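For reference, the structure is listed below as structure tokens.
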Amino acid sequence: MTLRFFKSFLLILPLLIWLGEKHGFAQRQNFESDFEPTGFPQEFLPNWYGNEVRGSSARIFQASGQGLDGSKALAVQPISSFDGRIWVRLTPDQFDNPEVEFYAKALKNGTGTRAALVFYSWGESIYDEFSVPTQIGADLEFANENQEWRKFTLQIPAELKAESELVLCFEIRYGFGTGTAARWLMDDFEFGDFLRDKTPPQVTATKGYSENSILVQFSEKVDPVFSIFPISYELEGKSPEKAELKNDSLAVLTFFETLEQSKNYPLAIRQIPDIAGNFLQDTSVYFAFSDPTNIPKKALVINELMPAPKADQDLPNVEYIEIFHAGENQFRLEGVRLSNSRTEVDLSEYWIQPGEFLILAPESQAFQLEEYGNVMGVKNWPTLLNSGDQIRLIASSGQKIDWISYATSTWGGSEFASGGYSLEVPNFGFLCSNSDLLKPSKEPMRGTPGVQNSIYDPIPQHTSPILQSVYFLDSLRVRVVFSGSILPEIGADGLDFSSNLSIDSVGFFKENELHVLLKSPAQASQVYEVRIVGLRDCFGDPISGQLKSFVLPELPQAGELIINELLFNPRTGEPKFVEIRNLSQRYLNLENWALANLSSSGVADQIKVFGGLGSMLAPGEYLAITTDANGLHLAYPKSSIDHFLQIPTLPSYPIAGGTVVLLSAKAEIAERFPYSEELHHPLLREPKGVSLERISPDTPASYQMNWQSASGNEDFATPGRRNSQTISGEFEGESIHIEPEVFDPQGSSGLQFTSITYELDQPGWMGTFQIYSASGQLVRVLAQNQLLGASGLLTWTGTDSSGKIVRAGYYVLVAELYDPNGRTSVIKKTIVVATGL
């Protein structure tokens with residue numbers, strides 16, 4: 001097509017359209033084409049004439065942006081010296097029953113009160129006489145005010161319907177009142193046969209809209225005035241507080257009272273017309289009410305996340321969150337809040353159906369995901385943090401629907417974390433948080449928006465959580481901890497406590513921890529029990545029958561917790577340990593107790609807290625603190641791992657020697673033990689893997705003779721159990737006591753040493769303790785002119801002063817005592833050194 005021909009075609013196009021309209025098509029004019037400024041009898045548009053058409057806002061003119069939906073319109077401004085007159089040529093014989101329809105309104109002009117008066121008349125040609133003018137509406141139909149568009153219909157006189165040409169004349173007159181007159185506008189003029197709506201509207205659906213409102217769907221557009229009269233509706237005989245149209249055919253009725261879930265309601269509707277004036281017959285409908293904004297936990301699941309999209313991949317470079325409807329009823333999302341760690345936004349109106357996937361994305365980018373499924377653009381999108389974030393869906397009521405969190409480690413590697421992979425949920429039937437189950441997508445596109453996840457597992461393997469620990473936070477609060485998450489729905493009837501404990505309330509601290517509030521305080525050091533009777537795991541399976549004992553511990557008093565054993569030189573690959581002991585008959589609270597060593601300035605250093613929440617030590621029990629409980633048990637299998645406590649690190653306890661410090665919960669030094677290799681038995685050839693055991697709990701840990709190498713008969717260490725080298729009692733009525741009186745220094749049976757304990761009537765005595773052979777030869781001096789306390793302890797390992805083992809036989813302990821008043825006392829005791837069998 002040449003340019004010249006194309007220009008000629010454009011010139012005759014209006015004529016072709018007009019000819020087409022004459023041959024059976026309605027004549028239409030939307031006033032979008034430019035007006036030709038002219039006067040009668042020249043056309044300003046094809047078949048349209050005016051008595052004075054101008055290019056500006058005076059007389060008859062084209063009004064830009066003033067038409068329907070912001071289009072152009074025809075405008076007439078009557079003034080005292082000008083009434084507008086417009087002629088339209090029509091062809092009625094081309095139609096069966098032609099009519100005229102158009103939209104019109106008035107716009108306020110100045111401050112006057114004068115209306116525009118609009119009349120119409122008919123003539124057979126623009127030069128003939130016209131019929132008597134008929135006014136459209138009353139004098140104030142087009143008052144000097146800003147009006148809404150209204151549709152008007154003009155009937156063709158019967159005697160003129162067969163004419164081949166007919167002219168319609170509009171007169172827009174300067175009306176009555178004061179000041180300026182209103183401006184009159186017309187748009188979307190149509191002439192021809194119109195299909196008239198004779199069918200009244202019907203009610204096609206009725207359902208809940210919120211807790212106290214219902215939605216009524218009509219089959220067509222309804223009258224915007226009649227449809228919002230509350231008296232047009234009755235629910236169980238009561239009219240709504242308010243009725244409003246959500247769109248042309250959708251009404252929402254709001255009532256004072258909250259409606260009952262699942263109840264069948266009758267709704268009466270009457271006197272509702274459509275926009276053609278056809279009235280709905282009085283109708284009653286019945287429906288079961290369900291609140292679509294009442295969204296239970298996990299009914300909507302955060303099913304997939306794309307926090308770190310990447311350019312130049314199969315999927316668009318757009319963040320998204322996919323939610324899945326795992327419930328049974330449709331839900332309305334308006335008012336549901338989406339949040340992350342920094343932002344919270346409201347979702348817009350959307351009805352999500354059971355089994356539906358919905359993709360949420362930033363409003364400006366959502367269109368890029370439309371090919372993958374249903375998409376909702378979210379204003380003020382909460383930008384997801386690549387390094388980790390927390391995502392929540394919250395119902396309008398404040399009810400938490402679903403929640404999930406992720407971190408960089410969730411992807412399982414930097415390749416996935418920075419590679420544009422989404423994070424997917426394996427099973428939307430999991431009723432707890434899916435945070436720990438998230439995995440990167442296996443789909444080649446690196447995500448599955450709008451469809452089933454690539455890692456979906458319909459029948460996941462799982463085991464029910466185990467009741468792991470139960471402990472008191474204080475006398476009124478108990479924490480119950482499980483090995484895994486449990487369903488976050490529980491009442492007081494889910495736990496069965498001992499009869500002398502009464503539950504006030506139960507709540508969740510974490511997904512695997514319950515917080516129980518008691519009605520009255522528990523008794524300290526009394527053993528209680530709890531049994532699980534009514535809980536479910538995160539797949540809905542019941543958890544019951546598990547039983548656990550627990551105790552309210554007491555704060556340790558001075559001397560009740562002691563350092564009891566130390567392994568500072570373990571065999572290669574085996575762990576060190578420090579053992580503590582409870583000397584009391586009470587359950588002692590270990591929370592915030594710690595181990596340390598001494599710095600060069602003599603203060604506690606490298607403090608390592610071993611006592612966590614709920615940590616306690618039973619009466620008389622031992623606890624070995626180590627960095628590898630399993631390794632310690634393999635090294636010393638006679639000991640029970642139940643009496644081991646594993647912590648990440650111990651303070652530094654060098655092989656060359658140092659000080660073990662036991663710190664109380666207030667960070668005060670409860671006891672210190674300066675150790676070295678010299679404290680081992682002199683006959684011990686290899687100290688590796690051999691612990692130092694405390695001989696007497698009542699003798700200070702700092703007294704070197706109170707420590708001895710663990711017995712080889714007990715694997716050279718006794719972590720978490722009674723020491724192999726210990727004495728049964730301190731004193732039994734005598735001032736000097738020896739235990740045992742027969743011993744083998746080589747440890748073939750029993751102890752490798754003997755202990756010598758003394759008890760005096762007062763402190764201040766001086767004493768010398770010596771060992772003699774049966775022939776009277778001095779073998780070993782244990783103490784020489786030593787200042788003694790009221791009681792004390794010495795040990796003899798069966799060696800002479802040079803460190804060599806003595807021969808088997810009888811030996812005599814000679815204790816020479818001198819008090820401050822000059823009294824003296826010499827005590828002799830027999831000791832037998834035995835040999836191995």
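A note on labels: chains of the structure tokens are A, B, ... as shown, every chain counts residues from 1, and ligands are counted from 1 in their shown order.
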Legend entry - Those of region 480-666 of chain A in DSSP strand (DSSP E or B), formatted as an MDAnalysis selection string: chainID A and resid 480:482 486 495:497 503:510 513:518 524 527:532 535:537 542:543 547:552 554 561:567 577:582 588:589 594:598 604:609 616:617 622:626 644:646 658:663
Keeping only C-alpha atoms, take the residues you just selected and write them out as a PDB file, in the first residue's frame.
```pdb
ATOM      1  CA  VAL A 480       9.326 -29.850  79.719  1.00  0.00           C
ATOM      2  CA  VAL A 481      11.742 -30.510  76.838  1.00  0.00           C
ATOM      3  CA  PHE A 482      11.286 -32.999  73.971  1.00  0.00           C
ATOM      4  CA  ILE A 486       5.531 -31.194  69.022  1.00  0.00           C
ATOM      5  CA  LEU A 495       0.406 -33.627  81.045  1.00  0.00           C
ATOM      6  CA  ASP A 496      -0.205 -35.723  84.136  1.00  0.00           C
ATOM      7  CA  PHE A 497       1.864 -34.505  87.089  1.00  0.00           C
ATOM      8  CA  ILE A 503      -1.115 -27.340  86.901  1.00  0.00           C
ATOM      9  CA  ASP A 504      -2.375 -23.806  86.421  1.00  0.00           C
ATOM     10  CA  SER A 505      -1.513 -23.353  82.727  1.00  0.00           C
ATOM     11  CA  VAL A 506       0.669 -24.730  79.932  1.00  0.00           C
ATOM     12  CA  GLY A 507       2.334 -22.771  77.117  1.00  0.00           C
ATOM     13  CA  PHE A 508       5.086 -23.109  74.549  1.00  0.00           C
ATOM     14  CA  PHE A 509       8.579 -21.713  75.118  1.00  0.00           C
ATOM     15  CA  LYS A 510       9.936 -23.250  71.899  1.00  0.00           C
ATOM     16  CA  GLU A 513       9.685 -26.989  75.008  1.00  0.00           C
ATOM     17  CA  LEU A 514       6.617 -26.533  77.204  1.00  0.00           C
ATOM     18  CA  HIS A 515       6.347 -24.010  80.021  1.00  0.00           C
ATOM     19  CA  VAL A 516       4.151 -25.191  82.925  1.00  0.00           C
ATOM     20  CA  LEU A 517       2.877 -22.851  85.623  1.00  0.00           C
ATOM     21  CA  LEU A 518       1.900 -24.516  88.926  1.00  0.00           C
ATOM     22  CA  ALA A 524      12.661 -28.706  97.302  1.00  0.00           C
ATOM     23  CA  VAL A 527      11.058 -36.299  93.533  1.00  0.00           C
ATOM     24  CA  TYR A 528       8.044 -35.670  91.266  1.00  0.00           C
ATOM     25  CA  GLU A 529       6.873 -37.391  88.086  1.00  0.00           C
ATOM     26  CA  VAL A 530       5.230 -36.246  84.868  1.00  0.00           C
ATOM     27  CA  ARG A 531       3.518 -38.497  82.322  1.00  0.00           C
ATOM     28  CA  ILE A 532       2.598 -37.487  78.756  1.00  0.00           C
ATOM     29  CA  LEU A 535       0.132 -34.580  73.041  1.00  0.00           C
ATOM     30  CA  ARG A 536       0.655 -34.990  69.290  1.00  0.00           C
ATOM     31  CA  ASP A 537       3.739 -34.759  67.118  1.00  0.00           C
ATOM     32  CA  PRO A 542      -0.351 -39.054  69.424  1.00  0.00           C
ATOM     33  CA  ILE A 543       2.462 -39.006  71.968  1.00  0.00           C
ATOM     34  CA  LEU A 547       7.341 -40.779  82.025  1.00  0.00           C
ATOM     35  CA  LYS A 548      10.045 -38.626  83.606  1.00  0.00           C
ATOM     36  CA  SER A 549      11.108 -37.786  87.160  1.00  0.00           C
ATOM     37  CA  PHE A 550      12.175 -34.297  88.160  1.00  0.00           C
ATOM     38  CA  VAL A 551      13.235 -32.441  91.308  1.00  0.00           C
ATOM     39  CA  LEU A 552      13.358 -28.860  92.522  1.00  0.00           C
ATOM     40  CA  GLU A 554      18.556 -26.419  96.190  1.00  0.00           C
ATOM     41  CA  LEU A 561      30.183 -29.536  96.016  1.00  0.00           C
ATOM     42  CA  ILE A 562      33.848 -30.596  95.808  1.00  0.00           C
ATOM     43  CA  ILE A 563      36.504 -31.423  93.214  1.00  0.00           C
ATOM     44  CA  ASN A 564      36.822 -35.216  93.473  1.00  0.00           C
ATOM     45  CA  GLU A 565      38.958 -36.475  90.556  1.00  0.00           C
ATOM     46  CA  LEU A 566      41.122 -35.089  87.755  1.00  0.00           C
ATOM     47  CA  LEU A 567      42.571 -36.544  84.554  1.00  0.00           C
ATOM     48  CA  PHE A 577      37.939 -34.694  82.659  1.00  0.00           C
ATOM     49  CA  VAL A 578      37.239 -33.038  86.004  1.00  0.00           C
ATOM     50  CA  GLU A 579      34.897 -34.844  88.400  1.00  0.00           C
ATOM     51  CA  ILE A 580      32.804 -33.111  91.048  1.00  0.00           C
ATOM     52  CA  ARG A 581      30.871 -34.720  93.902  1.00  0.00           C
ATOM     53  CA  ASN A 582      27.782 -33.855  95.934  1.00  0.00           C
ATOM     54  CA  LEU A 588      21.994 -29.450  94.371  1.00  0.00           C
ATOM     55  CA  ASN A 589      21.408 -26.869  91.651  1.00  0.00           C
ATOM     56  CA  ALA A 594      31.827 -23.326  86.270  1.00  0.00           C
ATOM     57  CA  LEU A 595      35.360 -24.643  86.022  1.00  0.00           C
ATOM     58  CA  ALA A 596      38.409 -22.406  85.626  1.00  0.00           C
ATOM     59  CA  ASN A 597      42.145 -22.280  86.142  1.00  0.00           C
ATOM     60  CA  LEU A 598      44.337 -19.640  87.789  1.00  0.00           C
ATOM     61  CA  ALA A 604      40.126 -17.357  88.074  1.00  0.00           C
ATOM     62  CA  ASP A 605      40.770 -17.531  84.329  1.00  0.00           C
ATOM     63  CA  GLN A 606      39.388 -19.330  81.257  1.00  0.00           C
ATOM     64  CA  ILE A 607      36.012 -19.748  82.956  1.00  0.00           C
ATOM     65  CA  LYS A 608      33.878 -22.495  81.395  1.00  0.00           C
ATOM     66  CA  VAL A 609      30.285 -22.718  82.640  1.00  0.00           C
ATOM     67  CA  MET A 616      21.517 -30.680  89.165  1.00  0.00           C
ATOM     68  CA  LEU A 617      23.421 -33.336  91.097  1.00  0.00           C
ATOM     69  CA  TYR A 622      29.453 -37.892  91.017  1.00  0.00           C
ATOM     70  CA  LEU A 623      29.640 -35.942  87.737  1.00  0.00           C
ATOM     71  CA  ALA A 624      32.536 -36.133  85.258  1.00  0.00           C
ATOM     72  CA  ILE A 625      32.841 -33.005  83.111  1.00  0.00           C
ATOM     73  CA  THR A 626      34.562 -33.587  79.766  1.00  0.00           C
ATOM     74  CA  PHE A 644      29.130 -37.586  82.284  1.00  0.00           C
ATOM     75  CA  LEU A 645      28.515 -33.977  81.238  1.00  0.00           C
ATOM     76  CA  GLN A 646      29.910 -32.859  77.886  1.00  0.00           C
ATOM     77  CA  GLY A 658      48.319 -26.147  87.261  1.00  0.00           C
ATOM     78  CA  THR A 659      45.262 -25.408  89.376  1.00  0.00           C
ATOM     79  CA  VAL A 660      41.708 -26.627  88.934  1.00  0.00           C
ATOM     80  CA  VAL A 661      39.199 -24.042  90.175  1.00  0.00           C
ATOM     81  CA  LEU A 662      35.534 -24.742  90.948  1.00  0.00           C
ATOM     82  CA  LEU A 663      33.395 -21.584  90.720  1.00  0.00           C
TER      83      LEU A 663
END
```
Near-Gly355 (chain A) list (10 Å; only C-alpha atoms; drop same-chain fewer than 2 positions) as a PDB file with N, CA and C atoms, in the first residue's frame:
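result29.pdb, written as the output of this step:
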```pdb
ATOM      1  N   LEU A 300      -2.759 -22.404  55.814  1.00  0.00           N
ATOM      2  CA  LEU A 300      -1.958 -21.870  54.722  1.00  0.00           C
ATOM      3  C   LEU A 300      -0.498 -22.111  55.082  1.00  0.00           C
ATOM      4  N   PHE A 324       0.669 -22.336  50.045  1.00  0.00           N
ATOM      5  CA  PHE A 324      -0.191 -23.439  49.621  1.00  0.00           C
ATOM      6  C   PHE A 324      -1.362 -23.551  50.576  1.00  0.00           C
ATOM      7  N   HIS A 325      -2.562 -23.739  50.022  1.00  0.00           N
ATOM      8  CA  HIS A 325      -3.770 -23.888  50.825  1.00  0.00           C
ATOM      9  C   HIS A 325      -3.911 -25.362  51.204  1.00  0.00           C
ATOM     10  N   ALA A 326      -3.565 -25.685  52.453  1.00  0.00           N
ATOM     11  CA  ALA A 326      -3.624 -27.069  52.928  1.00  0.00           C
ATOM     12  C   ALA A 326      -4.902 -27.361  53.701  1.00  0.00           C
ATOM     13  N   GLY A 327      -5.837 -26.370  53.779  1.00  0.00           N
ATOM     14  CA  GLY A 327      -7.077 -26.557  54.538  1.00  0.00           C
ATOM     15  C   GLY A 327      -8.208 -27.082  53.680  1.00  0.00           C
ATOM     16  N   GLU A 328      -9.442 -26.944  54.200  1.00  0.00           N
ATOM     17  CA  GLU A 328     -10.618 -27.510  53.542  1.00  0.00           C
ATOM     18  C   GLU A 328     -11.554 -26.448  52.986  1.00  0.00           C
ATOM     19  N   ASN A 329     -11.565 -25.230  53.538  1.00  0.00           N
ATOM     20  CA  ASN A 329     -12.482 -24.177  53.100  1.00  0.00           C
ATOM     21  C   ASN A 329     -11.703 -23.077  52.394  1.00  0.00           C
ATOM     22  N   GLN A 330     -12.371 -22.377  51.479  1.00  0.00           N
ATOM     23  CA  GLN A 330     -11.716 -21.244  50.834  1.00  0.00           C
ATOM     24  C   GLN A 330     -11.510 -20.126  51.853  1.00  0.00           C
ATOM     25  N   ILE A 352      -8.562 -17.703  48.066  1.00  0.00           N
ATOM     26  CA  ILE A 352      -7.708 -18.837  47.745  1.00  0.00           C
ATOM     27  C   ILE A 352      -8.459 -20.135  48.037  1.00  0.00           C
ATOM     28  N   GLN A 353      -8.377 -21.067  47.106  1.00  0.00           N
ATOM     29  CA  GLN A 353      -9.140 -22.304  47.182  1.00  0.00           C
ATOM     30  C   GLN A 353      -8.285 -23.433  47.767  1.00  0.00           C
ATOM     31  N   PHE A 357      -1.947 -23.235  44.884  1.00  0.00           N
ATOM     32  CA  PHE A 357      -0.681 -22.551  45.096  1.00  0.00           C
ATOM     33  C   PHE A 357      -0.861 -21.086  44.710  1.00  0.00           C
ATOM     34  N   LEU A 358      -0.337 -20.171  45.512  1.00  0.00           N
ATOM     35  CA  LEU A 358      -0.392 -18.747  45.208  1.00  0.00           C
ATOM     36  C   LEU A 358       1.001 -18.173  45.380  1.00  0.00           C
TER      37      LEU A 358
END
```
Legend entry - Filtered DSSP result for region 64-179 of chain A, state helix (DSSP H, G or I), as an NGL selection string: :A and (68-70 or 92-94 or 158-160)
Determine, counting only C-alpha atoms, which protein, DNA and RNA residues have an atom within 12 Å of an atom of Ile771 (chain A); residues of the same chain fewer than 3 positions away are not included. Present the result as a PDB file with N, CA and C atoms, in the first residue's frame.
```pdb
ATOM      1  N   ILE A 756      46.832 -42.152 107.198  1.00  0.00           N
ATOM      2  CA  ILE A 756      47.035 -41.959 108.633  1.00  0.00           C
ATOM      3  C   ILE A 756      46.278 -40.689 109.004  1.00  0.00           C
ATOM      4  N   THR A 768      55.594 -35.109 114.811  1.00  0.00           N
ATOM      5  CA  THR A 768      56.538 -35.787 113.912  1.00  0.00           C
ATOM      6  C   THR A 768      56.006 -37.187 113.686  1.00  0.00           C
ATOM      7  N   ALA A 774      60.667 -53.349 111.393  1.00  0.00           N
ATOM      8  CA  ALA A 774      60.524 -54.184 112.598  1.00  0.00           C
ATOM      9  C   ALA A 774      61.830 -54.246 113.380  1.00  0.00           C
ATOM     10  N   SER A 775      62.979 -54.025 112.666  1.00  0.00           N
ATOM     11  CA  SER A 775      64.271 -54.069 113.352  1.00  0.00           C
ATOM     12  C   SER A 775      64.628 -52.729 113.962  1.00  0.00           C
ATOM     13  N   GLY A 776      63.777 -51.712 113.824  1.00  0.00           N
ATOM     14  CA  GLY A 776      63.997 -50.419 114.435  1.00  0.00           C
ATOM     15  C   GLY A 776      64.699 -49.428 113.545  1.00  0.00           C
ATOM     16  N   GLN A 777      64.885 -49.746 112.247  1.00  0.00           N
ATOM     17  CA  GLN A 777      65.577 -48.833 111.341  1.00  0.00           C
ATOM     18  C   GLN A 777      64.567 -47.818 110.785  1.00  0.00           C
ATOM     19  N   LEU A 778      64.963 -46.502 110.777  1.00  0.00           N
ATOM     20  CA  LEU A 778      64.093 -45.452 110.242  1.00  0.00           C
ATOM     21  C   LEU A 778      63.967 -45.617 108.722  1.00  0.00           C
ATOM     22  N   VAL A 779      62.728 -45.751 108.246  1.00  0.00           N
ATOM     23  CA  VAL A 779      62.496 -45.991 106.816  1.00  0.00           C
ATOM     24  C   VAL A 779      62.041 -44.711 106.105  1.00  0.00           C
ATOM     25  N   ARG A 780      61.137 -43.968 106.731  1.00  0.00           N
ATOM     26  CA  ARG A 780      60.557 -42.801 106.052  1.00  0.00           C
ATOM     27  C   ARG A 780      60.036 -41.820 107.092  1.00  0.00           C
ATOM     28  N   VAL A 781      60.291 -40.515 106.856  1.00  0.00           N
ATOM     29  CA  VAL A 781      59.727 -39.456 107.685  1.00  0.00           C
ATOM     30  C   VAL A 781      58.551 -38.841 106.926  1.00  0.00           C
ATOM     31  N   LEU A 782      57.366 -38.947 107.470  1.00  0.00           N
ATOM     32  CA  LEU A 782      56.178 -38.388 106.806  1.00  0.00           C
ATOM     33  C   LEU A 782      55.967 -36.929 107.164  1.00  0.00           C
ATOM     34  N   ALA A 783      56.327 -36.538 108.404  1.00  0.00           N
ATOM     35  CA  ALA A 783      56.197 -35.149 108.839  1.00  0.00           C
ATOM     36  C   ALA A 783      57.197 -34.911 109.948  1.00  0.00           C
ATOM     37  N   GLN A 784      57.870 -33.759 109.921  1.00  0.00           N
ATOM     38  CA  GLN A 784      58.896 -33.456 110.913  1.00  0.00           C
ATOM     39  C   GLN A 784      58.555 -32.128 111.577  1.00  0.00           C
ATOM     40  N   LEU A 794      47.612 -37.958 106.660  1.00  0.00           N
ATOM     41  CA  LEU A 794      48.891 -38.260 106.027  1.00  0.00           C
ATOM     42  C   LEU A 794      48.732 -39.576 105.276  1.00  0.00           C
ATOM     43  N   THR A 795      49.603 -39.786 104.264  1.00  0.00           N
ATOM     44  CA  THR A 795      49.557 -41.059 103.539  1.00  0.00           C
ATOM     45  C   THR A 795      50.962 -41.611 103.412  1.00  0.00           C
ATOM     46  N   TRP A 796      51.059 -42.973 103.333  1.00  0.00           N
ATOM     47  CA  TRP A 796      52.348 -43.633 103.075  1.00  0.00           C
ATOM     48  C   TRP A 796      52.126 -44.605 101.931  1.00  0.00           C
ATOM     49  N   THR A 797      52.974 -44.508 100.916  1.00  0.00           N
ATOM     50  CA  THR A 797      52.824 -45.338  99.720  1.00  0.00           C
ATOM     51  C   THR A 797      53.679 -46.593  99.762  1.00  0.00           C
ATOM     52  N   GLY A 798      54.307 -46.880 100.908  1.00  0.00           N
ATOM     53  CA  GLY A 798      55.122 -48.099 101.020  1.00  0.00           C
ATOM     54  C   GLY A 798      56.504 -47.939 100.432  1.00  0.00           C
ATOM     55  N   THR A 799      57.003 -46.719 100.391  1.00  0.00           N
ATOM     56  CA  THR A 799      58.345 -46.463  99.863  1.00  0.00           C
ATOM     57  C   THR A 799      59.200 -45.856 100.955  1.00  0.00           C
ATOM     58  N   ASP A 800      60.560 -46.017 100.783  1.00  0.00           N
ATOM     59  CA  ASP A 800      61.489 -45.427 101.752  1.00  0.00           C
ATOM     60  C   ASP A 800      61.797 -44.000 101.343  1.00  0.00           C
ATOM     61  N   SER A 801      62.787 -43.403 102.031  1.00  0.00           N
ATOM     62  CA  SER A 801      63.095 -41.999 101.784  1.00  0.00           C
ATOM     63  C   SER A 801      63.708 -41.771 100.415  1.00  0.00           C
ATOM     64  N   VAL A 806      59.567 -50.685  99.857  1.00  0.00           N
ATOM     65  CA  VAL A 806      60.138 -51.438 100.982  1.00  0.00           C
ATOM     66  C   VAL A 806      59.774 -52.909 100.864  1.00  0.00           C
ATOM     67  N   TYR A 810      56.325 -56.232 108.587  1.00  0.00           N
ATOM     68  CA  TYR A 810      55.721 -55.350 109.584  1.00  0.00           C
ATOM     69  C   TYR A 810      56.525 -54.058 109.698  1.00  0.00           C
ATOM     70  N   TYR A 811      55.788 -52.943 109.841  1.00  0.00           N
ATOM     71  CA  TYR A 811      56.405 -51.642 110.040  1.00  0.00           C
ATOM     72  C   TYR A 811      55.623 -50.917 111.125  1.00  0.00           C
ATOM     73  N   VAL A 812      56.305 -49.944 111.751  1.00  0.00           N
ATOM     74  CA  VAL A 812      55.710 -49.257 112.893  1.00  0.00           C
ATOM     75  C   VAL A 812      55.667 -47.753 112.603  1.00  0.00           C
ATOM     76  N   LEU A 813      54.459 -47.183 112.807  1.00  0.00           N
ATOM     77  CA  LEU A 813      54.311 -45.736 112.757  1.00  0.00           C
ATOM     78  C   LEU A 813      54.540 -45.204 114.156  1.00  0.00           C
ATOM     79  N   VAL A 814      55.476 -44.232 114.267  1.00  0.00           N
ATOM     80  CA  VAL A 814      55.733 -43.587 115.550  1.00  0.00           C
ATOM     81  C   VAL A 814      55.339 -42.117 115.410  1.00  0.00           C
ATOM     82  N   ALA A 815      54.322 -41.716 116.181  1.00  0.00           N
ATOM     83  CA  ALA A 815      53.849 -40.338 116.162  1.00  0.00           C
ATOM     84  C   ALA A 815      54.205 -39.678 117.480  1.00  0.00           C
ATOM     85  N   GLU A 816      55.048 -38.612 117.407  1.00  0.00           N
ATOM     86  CA  GLU A 816      55.450 -37.878 118.593  1.00  0.00           C
ATOM     87  C   GLU A 816      54.736 -36.522 118.558  1.00  0.00           C
ATOM     88  N   ILE A 827      52.713 -42.159 120.190  1.00  0.00           N
ATOM     89  CA  ILE A 827      51.754 -43.196 119.811  1.00  0.00           C
ATOM     90  C   ILE A 827      52.396 -44.059 118.747  1.00  0.00           C
ATOM     91  N   LYS A 828      52.277 -45.392 118.930  1.00  0.00           N
ATOM     92  CA  LYS A 828      52.824 -46.332 117.955  1.00  0.00           C
ATOM     93  C   LYS A 828      51.692 -47.179 117.368  1.00  0.00           C
ATOM     94  N   LYS A 829      51.753 -47.376 116.035  1.00  0.00           N
ATOM     95  CA  LYS A 829      50.748 -48.176 115.330  1.00  0.00           C
ATOM     96  C   LYS A 829      51.464 -49.092 114.338  1.00  0.00           C
ATOM     97  N   THR A 830      50.967 -50.317 114.227  1.00  0.00           N
ATOM     98  CA  THR A 830      51.576 -51.293 113.322  1.00  0.00           C
ATOM     99  C   THR A 830      50.941 -51.203 111.939  1.00  0.00           C
ATOM    100  N   ILE A 831      51.820 -51.297 110.890  1.00  0.00           N
ATOM    101  CA  ILE A 831      51.376 -51.296 109.499  1.00  0.00           C
ATOM    102  C   ILE A 831      52.011 -52.497 108.819  1.00  0.00           C
ATOM    103  N   VAL A 832      51.241 -53.218 108.021  1.00  0.00           N
ATOM    104  CA  VAL A 832      51.763 -54.389 107.303  1.00  0.00           C
ATOM    105  C   VAL A 832      51.823 -54.063 105.823  1.00  0.00           C
ATOM    106  N   VAL A 833      53.037 -54.212 105.251  1.00  0.00           N
ATOM    107  CA  VAL A 833      53.211 -54.076 103.797  1.00  0.00           C
ATOM    108  C   VAL A 833      53.173 -55.464 103.203  1.00  0.00           C
TER     109      VAL A 833
END
```
Inset, instruction - Compile the contact shell of region 415-417 of chain A as an NGL selection string: residues with an atom at most 10 Å away, counting only C-alpha atoms, same-chain residues fewer than 2 positions apart removed. - result: :A and (307-309 or 386-387 or 407-413 or 419-423 or 439-441 or 446)
Write a file of the just-selected residues containing C-alpha atoms, as a PDB file, in the first residue's frame.
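Output file out.pdb follows:
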```pdb
ATOM      1  CA  PRO A 307      15.180 -14.952  48.835  1.00  0.00           C
ATOM      2  CA  ALA A 308      18.155 -14.662  46.461  1.00  0.00           C
ATOM      3  CA  PRO A 309      17.097 -14.828  42.792  1.00  0.00           C
ATOM      4  CA  ASN A 386      19.917 -13.310  51.646  1.00  0.00           C
ATOM      5  CA  SER A 387      21.828 -14.054  54.840  1.00  0.00           C
ATOM      6  CA  ALA A 407      19.920 -18.907  57.157  1.00  0.00           C
ATOM      7  CA  THR A 408      22.768 -19.084  54.659  1.00  0.00           C
ATOM      8  CA  SER A 409      23.512 -22.596  55.931  1.00  0.00           C
ATOM      9  CA  THR A 410      19.965 -23.698  54.987  1.00  0.00           C
ATOM     10  CA  TRP A 411      21.093 -24.007  51.341  1.00  0.00           C
ATOM     11  CA  GLY A 412      23.794 -26.470  52.424  1.00  0.00           C
ATOM     12  CA  GLY A 413      26.603 -24.787  50.514  1.00  0.00           C
ATOM     13  CA  GLY A 419      23.087 -19.696  42.759  1.00  0.00           C
ATOM     14  CA  GLY A 420      19.493 -18.517  42.505  1.00  0.00           C
ATOM     15  CA  TYR A 421      17.972 -21.639  44.073  1.00  0.00           C
ATOM     16  CA  SER A 422      14.683 -21.465  45.938  1.00  0.00           C
ATOM     17  CA  LEU A 423      14.148 -23.110  49.332  1.00  0.00           C
ATOM     18  CA  LYS A 439      16.152 -27.634  51.279  1.00  0.00           C
ATOM     19  CA  PRO A 440      17.256 -26.050  47.992  1.00  0.00           C
ATOM     20  CA  SER A 441      15.144 -26.954  44.982  1.00  0.00           C
ATOM     21  CA  ARG A 446      16.128 -23.930  40.405  1.00  0.00           C
TER      22      ARG A 446
END
```
